[in-house]
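Content type mmCIF, C-alpha atoms, from the file model21.cif:
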data_run
#
loop_
_atom_site.label_atom_id
_atom_site.label_comp_id
_atom_site.auth_asym_id
_atom_site.auth_seq_id
_atom_site.Cartn_x
_atom_site.Cartn_y
_atom_site.Cartn_z
CA MET A 121 -36.30 -1.68 -8.09
CA THR A 122 -33.62 -4.24 -7.52
CA GLU A 123 -34.77 -7.18 -5.41
CA HIS A 124 -33.01 -10.19 -3.97
CA SER A 125 -34.52 -13.31 -2.49
CA GLU A 126 -33.08 -15.33 0.35
CA GLY A 127 -33.08 -17.77 -0.27
CA PRO A 128 -22.13 -29.11 -24.26
CA GLU A 129 -24.09 -31.16 -25.88
CA LYS A 130 -23.70 -34.01 -23.50
CA GLU A 131 -22.09 -37.35 -24.24
CA GLN A 132 -23.67 -38.94 -21.18
CA SER A 133 -24.71 -37.88 -17.71
CA LEU A 134 -21.96 -36.65 -15.45
CA THR A 135 -21.90 -37.55 -11.78
CA LEU A 136 -19.71 -35.53 -9.47
CA PRO A 137 -18.56 -37.91 -6.71
CA HIS A 138 -17.91 -37.11 -3.08
CA ARG A 139 -14.53 -35.63 -2.25
CA SER A 140 -13.44 -37.73 0.73
CA VAL A 141 -11.68 -40.99 -0.06
CA VAL A 142 -10.41 -43.91 2.01
CA SER A 143 -6.71 -44.53 1.43
CA ARG A 144 -5.95 -48.09 0.51
CA CYS A 145 -2.80 -47.99 2.64
CA ALA A 146 -4.83 -47.28 5.81
CA GLY A 147 -5.03 -50.10 8.30
CA LYS A 148 -8.21 -51.51 9.71
CA GLY A 149 -10.09 -49.16 11.96
CA GLN A 150 -8.35 -46.05 10.66
CA GLU A 151 -10.39 -43.04 9.65
CA PRO A 152 -10.73 -42.07 5.97
CA GLN A 153 -8.04 -39.72 4.75
CA ASP A 154 -9.13 -36.24 3.68
CA THR A 155 -7.81 -35.71 0.20
CA GLN A 156 -8.73 -32.02 0.16
CA GLY A 157 -5.68 -30.99 2.18
CA PRO A 158 -2.23 -29.79 1.08
CA GLU A 159 -0.49 -31.26 -1.92
CA LEU A 160 1.14 -34.65 -1.62
CA THR A 161 4.78 -34.71 -0.59
CA ASP A 162 7.34 -36.99 -2.25
CA ALA A 163 7.11 -39.35 0.73
CA GLU A 164 3.33 -39.47 0.53
CA SER A 165 3.27 -39.74 -3.24
CA GLY A 166 2.63 -43.23 -4.53
CA ARG A 167 1.27 -44.74 -1.32
CA ARG A 168 -2.13 -45.40 -2.79
CA ARG A 169 -1.78 -48.04 -5.50
CA GLY A 170 -4.78 -50.37 -6.23
CA CYS A 171 -4.85 -49.92 -9.93
CA ASN A 172 -5.76 -53.44 -10.90
CA HIS A 173 -7.71 -52.42 -13.97
CA LEU A 174 -4.72 -51.43 -16.05
CA THR A 175 -3.20 -54.10 -18.28
CA PRO A 176 0.57 -53.62 -18.54
CA ALA A 177 1.91 -53.67 -22.08
CA PRO A 178 4.59 -56.20 -23.05
CA SER A 179 8.14 -54.97 -23.17
CA PRO A 180 10.32 -55.30 -26.30
CA ASN A 181 11.75 -58.60 -25.02
CA GLY A 182 8.27 -60.08 -24.76
CA ASN A 183 7.99 -59.94 -20.98
CA VAL A 184 5.11 -58.23 -19.33
CA GLY A 185 6.29 -55.24 -17.36
CA VAL A 186 5.62 -55.68 -13.65
CA ARG A 187 7.06 -53.32 -11.07
CA GLN A 188 8.80 -55.28 -8.32
CA GLY A 189 9.89 -53.88 -5.00
CA PRO A 190 9.70 -50.25 -3.98
CA ARG A 191 9.24 -47.65 -6.68
CA SER A 192 12.34 -45.70 -7.60
CA PRO A 193 11.46 -42.02 -7.32
CA LEU A 194 12.24 -39.72 -10.21
CA PRO A 195 14.84 -37.02 -9.68
CA ALA A 196 13.61 -34.00 -7.75
CA ARG A 197 13.58 -31.86 -10.86
CA HIS A 198 10.80 -34.05 -12.29
CA LEU A 199 8.63 -33.34 -9.27
CA SER A 200 8.86 -29.59 -9.54
CA ARG A 201 5.56 -27.91 -10.34
CA PRO A 202 5.11 -25.02 -12.71
CA PRO A 203 4.07 -21.74 -11.11
CA SER A 204 0.39 -21.78 -10.19
CA SER A 205 -0.08 -18.78 -12.43
CA ALA A 206 1.01 -20.80 -15.50
CA ARG A 207 -2.10 -21.31 -17.59
CA GLY A 208 -0.90 -24.01 -19.96
CA PRO A 209 0.55 -24.31 -23.48
CA THR A 210 0.57 -21.24 -25.70
CA ASP A 211 0.85 -20.59 -29.42
CA GLY A 212 3.68 -18.79 -31.17
CA ALA A 213 2.28 -15.40 -30.14
CA GLY A 214 2.17 -16.35 -26.48
CA ASN A 215 -1.62 -16.69 -26.38
CA LEU A 216 -3.24 -19.50 -24.41
CA CYS A 217 -4.20 -22.40 -26.67
CA SER A 218 -7.85 -23.33 -26.90
CA ALA A 219 -9.27 -25.96 -24.55
CA GLU A 220 -9.53 -28.41 -27.47
CA THR A 221 -5.87 -27.87 -28.41
CA ARG A 222 -4.73 -28.24 -24.80
CA GLY A 223 -6.71 -31.47 -24.58
CA LEU A 224 -5.03 -32.86 -27.71
CA ILE A 225 -1.61 -31.93 -26.33
CA ALA A 226 -2.35 -33.57 -22.98
CA ARG A 227 -3.70 -36.76 -24.60
CA ALA A 228 -0.63 -36.99 -26.82
CA LEU A 229 1.62 -36.50 -23.79
CA LEU A 230 -0.30 -39.12 -21.80
CA THR A 231 0.04 -41.56 -24.70
CA GLU A 232 3.80 -40.93 -24.92
CA VAL A 233 4.25 -41.36 -21.18
CA THR A 234 2.27 -44.61 -21.25
CA ALA A 235 4.33 -45.91 -24.19
CA ALA A 236 7.59 -44.95 -22.46
CA ALA A 237 6.45 -46.71 -19.30
CA ALA A 238 5.64 -49.85 -21.30
CA MET A 239 9.08 -49.79 -22.94
CA ALA A 240 10.64 -49.57 -19.48
CA SER A 241 8.55 -52.52 -18.29
CA VAL A 242 6.67 -50.41 -15.73
CA SER A 243 3.13 -49.16 -15.40
CA ILE A 244 2.31 -45.50 -15.91
CA ASN A 245 1.06 -45.58 -12.33
CA ALA A 246 4.65 -46.04 -11.17
CA LEU A 247 5.02 -42.32 -11.86
CA PRO A 248 4.77 -40.06 -8.81
CA GLU A 249 1.23 -38.86 -8.22
CA ASN A 250 2.40 -35.27 -8.65
CA ILE A 251 3.32 -36.07 -12.25
CA LEU A 252 0.00 -37.79 -12.92
CA LEU A 253 -1.79 -34.73 -11.52
CA GLU A 254 0.11 -32.51 -13.96
CA LEU A 255 -1.13 -34.69 -16.83
CA PHE A 256 -4.71 -34.68 -15.57
CA LEU A 257 -4.53 -30.92 -15.16
CA CYS A 258 -4.20 -30.53 -18.95
CA LEU A 259 -7.05 -32.84 -19.93
CA PRO A 260 -10.59 -31.55 -20.60
CA ALA A 261 -12.80 -31.87 -17.53
CA ARG A 262 -15.47 -34.03 -19.18
CA GLN A 263 -12.87 -36.53 -20.42
CA LEU A 264 -11.39 -36.72 -16.93
CA LEU A 265 -14.75 -37.78 -15.48
CA LEU A 266 -16.12 -39.87 -18.32
CA HIS A 267 -12.97 -41.68 -19.52
CA CYS A 268 -10.08 -41.33 -17.06
CA ARG A 269 -11.79 -41.60 -13.67
CA PRO A 270 -13.22 -45.12 -14.30
CA VAL A 271 -9.78 -46.55 -15.26
CA CYS A 272 -8.67 -47.50 -11.74
CA SER A 273 -8.94 -46.54 -8.09
CA LEU A 274 -5.73 -44.48 -8.16
CA TRP A 275 -6.89 -42.35 -11.06
CA ARG A 276 -10.31 -42.03 -9.45
CA ASP A 277 -8.84 -40.70 -6.19
CA LEU A 278 -6.46 -38.31 -7.93
CA ILE A 279 -9.23 -36.92 -10.14
CA ASP A 280 -11.41 -36.43 -7.05
CA LEU A 281 -8.79 -34.26 -5.35
CA GLY A 282 -9.99 -30.74 -4.69
CA THR A 283 -6.52 -29.34 -5.39
CA LEU A 284 -6.70 -30.60 -8.99
CA TRP A 285 -9.96 -28.72 -9.67
CA LYS A 286 -8.80 -25.61 -7.84
CA ARG A 287 -5.73 -25.47 -10.10
CA LYS A 288 -7.94 -26.02 -13.17
CA CYS A 289 -10.06 -23.06 -12.03
CA LEU A 290 -6.92 -20.95 -11.75
CA ARG A 291 -5.68 -22.00 -15.22
CA GLU A 292 -9.02 -21.13 -16.80
CA GLY A 293 -9.17 -17.73 -15.09
CA PHE A 294 -12.21 -18.59 -12.95
CA ILE A 295 -10.35 -17.50 -9.81
CA THR A 296 -7.34 -15.31 -9.07
CA GLU A 297 -4.17 -16.00 -7.10
CA ASP A 298 -5.55 -14.12 -4.09
CA TRP A 299 -8.93 -15.91 -4.10
CA ALA A 300 -10.08 -16.11 -0.48
CA GLN A 301 -13.77 -17.06 -0.69
CA PRO A 302 -14.66 -20.49 0.70
CA VAL A 303 -15.62 -23.16 -1.85
CA ALA A 304 -17.49 -26.24 -0.67
CA ASP A 305 -16.69 -28.39 -3.74
CA TRP A 306 -14.05 -27.30 -6.25
CA LYS A 307 -15.21 -29.80 -8.87
CA VAL A 308 -18.77 -28.44 -8.83
CA PHE A 309 -17.40 -24.88 -8.74
CA TYR A 310 -15.30 -25.58 -11.86
CA PHE A 311 -18.23 -26.93 -13.87
CA LEU A 312 -20.53 -24.08 -12.83
CA CYS A 313 -17.90 -21.54 -13.87
CA SER A 314 -17.26 -23.28 -17.19
CA LEU A 315 -20.99 -23.31 -17.96
CA ARG A 316 -21.67 -19.74 -16.86
CA ARG A 317 -22.92 -17.42 -19.62
CA ASN A 318 -26.12 -15.58 -20.52
CA LEU A 319 -28.72 -18.30 -21.16
CA LEU A 320 -31.00 -15.93 -23.11
CA HIS A 321 -30.44 -15.69 -26.85
CA ASN A 322 -30.48 -12.34 -28.65
CA PRO A 323 -30.98 -10.19 -25.51
CA CYS A 324 -30.02 -6.91 -27.23
CA ALA A 325 -32.10 -7.17 -30.43
CA GLU A 326 -29.04 -7.67 -32.66
CA GLU A 327 -30.92 -10.44 -34.50
CA GLY A 328 -34.31 -8.78 -34.58
CA PHE A 329 -36.88 -10.98 -32.83
CA GLU A 330 -35.02 -14.24 -33.42
CA PHE A 331 -35.42 -16.70 -30.48
CA TRP A 332 -38.23 -14.61 -28.91
CA SER A 333 -41.89 -15.61 -28.76
CA LEU A 334 -44.14 -12.57 -29.29
CA ASP A 335 -46.85 -13.51 -26.80
CA VAL A 336 -48.81 -10.23 -27.05
CA ASN A 337 -48.19 -7.89 -29.97
CA GLY A 338 -50.65 -5.04 -29.54
CA GLY A 339 -50.88 -1.52 -30.92
CA ASP A 340 -48.35 -0.94 -33.65
CA GLU A 341 -46.58 -4.09 -32.40
CA TRP A 342 -43.04 -4.65 -31.17
CA LYS A 343 -40.21 -2.81 -32.91
CA VAL A 344 -36.39 -2.79 -32.78
CA GLU A 345 -34.62 0.59 -32.62
CA ASP A 346 -31.01 1.74 -32.37
CA LEU A 347 -29.62 3.43 -29.30
CA SER A 348 -28.82 7.02 -30.16
CA ARG A 349 -25.32 8.35 -29.59
CA GLU A 350 -26.55 10.17 -26.52
CA GLN A 351 -28.28 7.06 -25.17
CA ARG A 352 -25.11 5.01 -25.66
CA LYS A 353 -23.27 7.42 -23.37
CA GLU A 354 -25.90 6.86 -20.69
CA PHE A 355 -26.19 3.08 -20.96
CA PRO A 356 -23.86 1.19 -18.56
CA SER A 357 -22.55 -1.19 -21.27
CA ASP A 358 -20.99 0.08 -24.50
CA GLN A 359 -21.72 -3.33 -26.08
CA VAL A 360 -25.47 -2.60 -26.26
CA LYS A 361 -26.48 -0.85 -29.49
CA LYS A 362 -30.15 -1.78 -29.95
CA TYR A 363 -33.32 -2.24 -27.90
CA PHE A 364 -36.89 -3.53 -28.21
CA VAL A 365 -39.70 -0.98 -27.89
CA THR A 366 -43.43 -1.44 -27.16
CA SER A 367 -46.53 0.35 -28.40
CA TYR A 368 -49.89 1.77 -27.21
CA TYR A 369 -51.42 -1.64 -26.49
CA THR A 370 -49.67 -4.25 -24.37
CA CYS A 371 -46.64 -5.93 -25.91
CA LEU A 372 -45.09 -9.00 -24.24
CA LYS A 373 -42.35 -11.38 -25.45
CA SER A 374 -40.74 -14.42 -23.83
CA GLN A 375 -38.12 -17.17 -23.99
CA VAL A 376 -37.95 -20.62 -22.38
CA VAL A 377 -34.51 -21.86 -21.32
CA ASP A 378 -34.00 -25.64 -21.38
CA LEU A 379 -31.39 -26.20 -18.65
CA LYS A 380 -30.44 -29.73 -19.72
CA ALA A 381 -29.82 -28.53 -23.27
CA LYS A 382 -27.58 -25.81 -21.84
CA GLY A 383 -25.43 -28.39 -20.01
CA TYR A 384 -26.98 -28.28 -16.52
CA TRP A 385 -27.70 -31.93 -15.77
CA GLU A 386 -30.44 -32.97 -13.36
CA GLU A 387 -28.27 -34.07 -10.43
CA LEU A 388 -26.45 -30.73 -10.47
CA MET A 389 -29.68 -28.72 -10.35
CA ASP A 390 -31.33 -30.96 -7.73
CA THR A 391 -28.35 -31.44 -5.38
CA THR A 392 -26.28 -28.27 -5.68
CA ARG A 393 -29.13 -25.94 -6.66
CA PRO A 394 -26.87 -23.09 -7.73
CA ASP A 395 -28.07 -19.50 -7.59
CA ILE A 396 -30.02 -18.33 -10.64
CA GLU A 397 -29.65 -14.60 -11.32
CA VAL A 398 -32.07 -12.69 -13.55
CA LYS A 399 -31.50 -9.15 -14.86
CA ASP A 400 -33.32 -6.82 -17.20
CA TRP A 401 -32.96 -3.19 -18.31
CA PHE A 402 -35.82 -0.83 -19.21
CA ALA A 403 -36.38 2.85 -19.88
CA ALA A 404 -39.26 5.18 -20.75
CA ARG A 405 -39.42 8.00 -23.25
CA PRO A 406 -39.18 11.51 -21.77
CA ASP A 407 -42.29 12.70 -23.65
CA CYS A 408 -44.68 9.84 -22.79
CA GLY A 409 -45.58 7.83 -19.70
CA SER A 410 -45.30 4.04 -19.78
CA LYS A 411 -45.69 0.86 -17.74
CA TYR A 412 -43.06 -1.92 -17.66
CA GLN A 413 -43.61 -5.48 -16.43
CA LEU A 414 -41.49 -8.63 -15.90
CA CYS A 415 -42.22 -12.22 -14.91
CA VAL A 416 -39.69 -15.06 -14.47
CA GLN A 417 -40.61 -18.60 -13.45
CA LEU A 418 -38.63 -21.73 -12.59
CA LEU A 419 -40.43 -24.69 -14.15
CA SER A 420 -40.41 -28.45 -13.60
CA SER A 421 -40.22 -31.04 -16.39
CA ALA A 422 -44.02 -30.79 -16.58
CA HIS A 423 -43.75 -26.97 -16.74
CA THR A 424 -45.20 -26.59 -13.25
CA PRO A 425 -43.97 -23.36 -11.57
CA LEU A 426 -41.50 -24.05 -8.73
CA GLY A 427 -40.49 -20.43 -8.19
CA THR A 428 -41.75 -17.06 -9.47
CA PHE A 429 -40.40 -13.52 -9.57
CA GLN A 430 -43.02 -10.99 -10.66
CA PRO A 431 -42.56 -7.50 -9.24
CA ASP A 432 -45.32 -4.92 -9.42
CA PRO A 433 -45.42 -3.19 -12.81
CA ALA A 434 -43.22 -0.11 -12.88
CA THR A 435 -45.09 3.00 -14.00
CA ILE A 436 -42.96 5.87 -15.31
CA GLN A 437 -44.63 9.26 -15.55
CA ARG A 438 -44.47 11.59 -18.53
CA LYS A 439 -41.51 14.01 -18.51
CA SER A 440 -39.43 11.55 -16.50
CA ASP A 441 -35.64 11.44 -16.66
CA ALA A 442 -35.90 8.54 -19.18
CA LYS A 443 -32.83 6.91 -17.65
CA TRP A 444 -32.16 3.19 -18.06
CA ARG A 445 -33.03 1.21 -14.95
CA GLU A 446 -31.98 -2.31 -13.97
CA VAL A 447 -34.20 -4.85 -12.26
CA SER A 448 -32.60 -8.00 -10.85
CA HIS A 449 -33.48 -11.03 -8.77
CA THR A 450 -31.60 -14.09 -7.49
CA PHE A 451 -33.34 -17.44 -6.99
CA SER A 452 -31.75 -19.35 -4.09
CA ASN A 453 -32.77 -22.44 -2.13
CA TYR A 454 -35.46 -23.29 -4.66
CA PRO A 455 -37.05 -26.77 -4.68
CA PRO A 456 -35.43 -29.67 -6.58
CA GLY A 457 -36.79 -30.45 -10.02
CA VAL A 458 -36.10 -27.20 -11.91
CA ARG A 459 -35.67 -28.05 -15.61
CA TYR A 460 -36.72 -24.86 -17.43
CA ILE A 461 -36.72 -21.10 -16.88
CA TRP A 462 -39.44 -18.94 -18.43
CA PHE A 463 -38.64 -15.24 -18.96
CA GLN A 464 -41.25 -12.70 -20.10
CA HIS A 465 -41.15 -8.90 -20.21
CA GLY A 466 -42.77 -5.95 -22.00
CA GLY A 467 -45.20 -3.12 -21.35
CA VAL A 468 -47.37 -0.39 -22.81
CA ASP A 469 -47.41 3.38 -23.09
CA THR A 470 -49.96 5.04 -20.82
CA HIS A 471 -51.14 7.73 -23.29
CA TYR A 472 -52.18 5.40 -26.14
CA TRP A 473 -50.24 7.32 -28.75
CA ALA A 474 -49.83 5.74 -32.17
CA GLY A 475 -46.30 4.56 -32.77
CA TRP A 476 -43.76 3.25 -30.29
CA TYR A 477 -43.89 5.26 -27.08
CA GLY A 478 -43.98 2.40 -24.59
CA PRO A 479 -41.09 1.14 -22.43
CA ARG A 480 -37.84 0.09 -24.10
CA VAL A 481 -36.11 -3.12 -22.97
CA THR A 482 -32.69 -4.64 -23.68
CA ASN A 483 -29.65 -6.46 -22.22
CA SER A 484 -31.76 -9.11 -20.46
CA SER A 485 -29.87 -12.00 -18.87
CA ILE A 486 -30.18 -15.27 -16.95
CA THR A 487 -26.98 -16.66 -15.41
CA ILE A 488 -26.36 -19.62 -13.10
CA GLY A 489 -23.60 -20.17 -10.59
CA PRO A 490 -20.76 -18.12 -9.11
CA ALA A 491 -19.64 -14.86 -10.71
CA TRP A 492 -16.13 -14.72 -12.16
CA PRO A 493 -13.66 -12.35 -10.51
#

Taking this structure as input, can you express it in the form of structure tokens?
Amino acid sequence: MTEHSEGPEKEQSLTLPHRSVVSRCAGKGQEPQDTQGPELTDAESGRRRGCNHLTPAPSPNGNVGVRQGPRSPLPARHLSRPPSSARGPTDGAGNLCSAETRGLIARALLTEVTAAAAMASVSINALPENILLELFLCLPARQLLLHCRPVCSLWRDLIDLGTLWKRKCLREGFITEDWAQPVADWKVFYFLCSLRRNLLHNPCAEEGFEFWSLDVNGGDEWKVEDLSREQRKEFPSDQVKKYFVTSYYTCLKSQVVDLKAKGYWEELMDTTRPDIEVKDWFAARPDCGSKYQLCVQLLSSAHTPLGTFQPDPATIQRKSDAKWREVSHTFSNYPPGVRYIWFQHGGVDTHYWAGWYGPRVTNSSITIGPAWP
């Protein structure tokens, strides 16, 4: 029954800029430089300087630090990069520190580097760009865009480099060393991966009917039951322990997902329009026939449908195998303006027996963006 179509709380809106940049060292008439290529060499490092928005701090003797003449490169050992597999600072047990902890470490390091540069009467931007990239690599992505990118043109261009975001993806485990799939925009890819999770709350009935709207509650009404030991062996995921079950009159329940509240800002949904994947699992009882139904809609800000997936109801005959079945659908190339996703499923038993003999449903999910390896 699987079908496919062709097709954090937010401080302020994020805008993901274009990746190509014009180098300020290019002469008139030269083409823009593509900053998505290989990493900068020592000779290339430091060519782009235009950071007029930084105010140099006074040195201990009272003079303002101004770099004069060509920049003296740091020793080669300072330019060496850690292995691309290195994922960042760890705790005493060797575990990767949390993103918040890594951000604090990076900000402290950036502050120390800036203070050291001021003491030496030079700007932090006198550092090789490779070193600046290492600092930016440790900072949280939102702070890079909201606070660091506006500082000056140099920082803007470095933060727009695709290599920076590819390495951040590698550090976070979004890609592997042997990743070979083409990526149009590594910055967008990073944010989609960091946001990716099941957007439906309580999909496996662990919290009863919390977060669900019981649209139709017929017969003996909806009920939550435990998967038996035998059923757990059959179900594809050992994390699922409960399910919702319907009765002899139609039972339907739904959730509405607010994409903006989940971190998917409007420009991202309208410009990138990432794939939206919907999945659900259902099963019948072996001793009673039943009918299962599902409807998913992409909604505008005015709750106007912009895309609908509603397969024909699945009728399971009495004395069936009662196996769990998955239904899935991927929304692609949908119109701009999607702001909400409405998910509704349920069913009814076809023999009208008192009790809970209708279809069972669990492990529902809505995910957006690329799948992790």

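For the structure in this document, the set picked by the PyMOL selection byres ((chain A and resi 430) around 6) is Leu414, Cys415, Phe429 and Pro431 of chain A.
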
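What separates atom CA of Thr487 of chain A from atom CA of Trp462 of chain A is a distance of 13.0 Å.
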
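Considering the residues A:Pro302, A:Gly328, A:Gly338, A:Pro270 and counting only C-alpha atoms, Trp476 of chain A has its shortest atom-to-atom contact with A:Gly338.
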
Legend entry - Target residues per the PyMOL selection byres ((chain A and resi 398-401) around 10), formatted as a PyMOL selection string: chain A and resi 122+124+318+323+355+363+395-397+402-403+414+416+429+444-451+463+465+480-488

Inset, instruction - Take atom CA of Gly467 of chain A and atom CA of Glu345 of chain A and report the distance between them in Å, one decimal. - result: 15.9 Å

Legend entry - Test item: residues at most 9 Å from Tyr384 of chain A, only C-alpha atoms, excluding those fewer than 6 positions along its chain, as a PyMOL selection string: chain A and resi 312+315+378+459

With C-alpha atoms kept, could you save the residues just selected as an mmCIF file, in the frame of the given file?
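That gives us result.cif:
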data_model
loop_
_atom_site.group_PDB
_atom_site.id
_atom_site.type_symbol
_atom_site.label_atom_id
_atom_site.label_comp_id
_atom_site.auth_asym_id
_atom_site.auth_seq_id
_atom_site.Cartn_x
_atom_site.Cartn_y
_atom_site.Cartn_z
ATOM 1 C CA LEU A 312 -20.530 -24.080 -12.830
ATOM 2 C CA LEU A 315 -20.990 -23.310 -17.960
ATOM 3 C CA ASP A 378 -34.000 -25.640 -21.380
ATOM 4 C CA ARG A 459 -35.670 -28.050 -15.610
#

Inset, instruction - Could you tell me how far atom CA of Ser314 of chain A lies from atom CA of Leu278 of chain A, in Å and to one decimal? - result: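 According to the coordinates, atom CA of Ser314 of chain A and atom CA of Leu278 of chain A are separated by 20.7 Å.
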
For segment 264-275 of chain A, take all atoms listed in the file, fit an axis-aligned box around them, add 5 Å to each of the six sides, then output centre and edge lengths in Å rounded to one decimal, as lines of an AutoDock Vina configuration file.
center_x = -10.9
center_y = -42.1
center_z = -13.8
size_x = 20.4
size_y = 20.8
size_z = 21.4

Inset, instruction - Identify which of the residues A:Gly466, A:Pro455, A:Gly293, A:Pro406 lies closest to Leu334 of chain A, counting all atoms listed in the file when measuring atom-to-atom distances. - result: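 Ranked by minimum distance to Leu334 of chain A, first place goes to A:Gly466.
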
Incomplete segment 306-313 of chain A brought to all heavy atoms, written out as a CSV table (one decimal), in the coordinates of the input:
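Output saved as out-v4.csv:
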chain,number,residue,atom,x,y,z
A,306,TRP,N,-14.8,-27.9,-5.1
A,306,TRP,CA,-14.0,-27.3,-6.2
A,306,TRP,C,-14.4,-27.9,-7.6
A,306,TRP,O,-14.4,-27.2,-8.6
A,306,TRP,CB,-12.5,-27.4,-6.0
A,306,TRP,CG,-12.0,-26.4,-5.1
A,306,TRP,CD1,-11.6,-26.5,-3.8
A,306,TRP,CD2,-11.8,-25.0,-5.4
A,306,TRP,NE1,-11.2,-25.4,-3.3
A,306,TRP,CE2,-11.3,-24.4,-4.2
A,306,TRP,CE3,-12.1,-24.2,-6.5
A,306,TRP,CZ2,-11.0,-23.0,-4.1
A,306,TRP,CZ3,-11.8,-22.8,-6.4
A,306,TRP,CH2,-11.3,-22.2,-5.2
A,307,LYS,N,-14.8,-29.2,-7.6
A,307,LYS,CA,-15.2,-29.8,-8.9
A,307,LYS,C,-16.5,-29.2,-9.4
A,307,LYS,O,-16.6,-28.8,-10.5
A,307,LYS,CB,-15.4,-31.3,-8.7
A,307,LYS,CG,-15.5,-32.1,-10.0
A,307,LYS,CD,-15.9,-33.5,-9.7
A,307,LYS,CE,-14.8,-34.3,-9.1
A,307,LYS,NZ,-14.9,-34.4,-7.6
A,308,VAL,N,-17.5,-29.1,-8.5
A,308,VAL,CA,-18.8,-28.4,-8.8
A,308,VAL,C,-18.5,-27.0,-9.2
A,308,VAL,O,-19.1,-26.5,-10.2
A,308,VAL,CB,-19.8,-28.5,-7.7
A,308,VAL,CG1,-21.0,-27.7,-7.9
A,308,VAL,CG2,-20.2,-30.0,-7.4
A,309,PHE,N,-17.7,-26.3,-8.5
A,309,PHE,CA,-17.4,-24.9,-8.7
A,309,PHE,C,-16.8,-24.7,-10.1
A,309,PHE,O,-17.2,-23.8,-10.9
A,309,PHE,CB,-16.4,-24.4,-7.7
A,309,PHE,CG,-16.1,-22.9,-7.8
A,309,PHE,CD1,-16.8,-21.9,-7.2
A,309,PHE,CD2,-15.0,-22.5,-8.6
A,309,PHE,CE1,-16.5,-20.6,-7.3
A,309,PHE,CE2,-14.6,-21.2,-8.7
A,309,PHE,CZ,-15.4,-20.2,-8.1
A,310,TYR,N,-15.9,-25.6,-10.5
A,310,TYR,CA,-15.3,-25.6,-11.9
A,310,TYR,C,-16.4,-25.7,-13.0
A,310,TYR,O,-16.4,-24.9,-13.9
A,310,TYR,CB,-14.2,-26.7,-12.0
A,310,TYR,CG,-13.7,-26.7,-13.4
A,310,TYR,CD1,-12.6,-25.9,-13.8
A,310,TYR,CD2,-14.2,-27.5,-14.4
A,310,TYR,CE1,-12.1,-26.0,-15.1
A,310,TYR,CE2,-13.7,-27.6,-15.7
A,310,TYR,CZ,-12.6,-26.8,-16.0
A,310,TYR,OH,-12.2,-26.8,-17.3
A,311,PHE,N,-17.2,-26.7,-12.8
A,311,PHE,CA,-18.2,-26.9,-13.9
A,311,PHE,C,-19.2,-25.8,-13.9
A,311,PHE,O,-19.6,-25.4,-15.0
A,311,PHE,CB,-18.9,-28.3,-13.6
A,311,PHE,CG,-18.2,-29.4,-14.2
A,311,PHE,CD1,-17.4,-30.2,-13.4
A,311,PHE,CD2,-18.3,-29.8,-15.6
A,311,PHE,CE1,-16.7,-31.3,-14.0
A,311,PHE,CE2,-17.6,-30.8,-16.1
A,311,PHE,CZ,-16.8,-31.6,-15.3
A,312,LEU,N,-19.6,-25.2,-12.8
A,312,LEU,CA,-20.5,-24.1,-12.8
A,312,LEU,C,-19.9,-22.9,-13.5
A,312,LEU,O,-20.5,-22.2,-14.3
A,312,LEU,CB,-21.0,-23.7,-11.4
A,312,LEU,CG,-21.9,-24.7,-10.7
A,312,LEU,CD1,-22.2,-24.3,-9.3
A,312,LEU,CD2,-23.3,-24.7,-11.5
A,313,CYS,N,-18.6,-22.7,-13.2
A,313,CYS,CA,-17.9,-21.5,-13.9
A,313,CYS,C,-17.8,-21.8,-15.4
A,313,CYS,O,-17.9,-20.8,-16.2
A,313,CYS,CB,-16.5,-21.3,-13.2
A,313,CYS,SG,-16.5,-20.6,-11.6
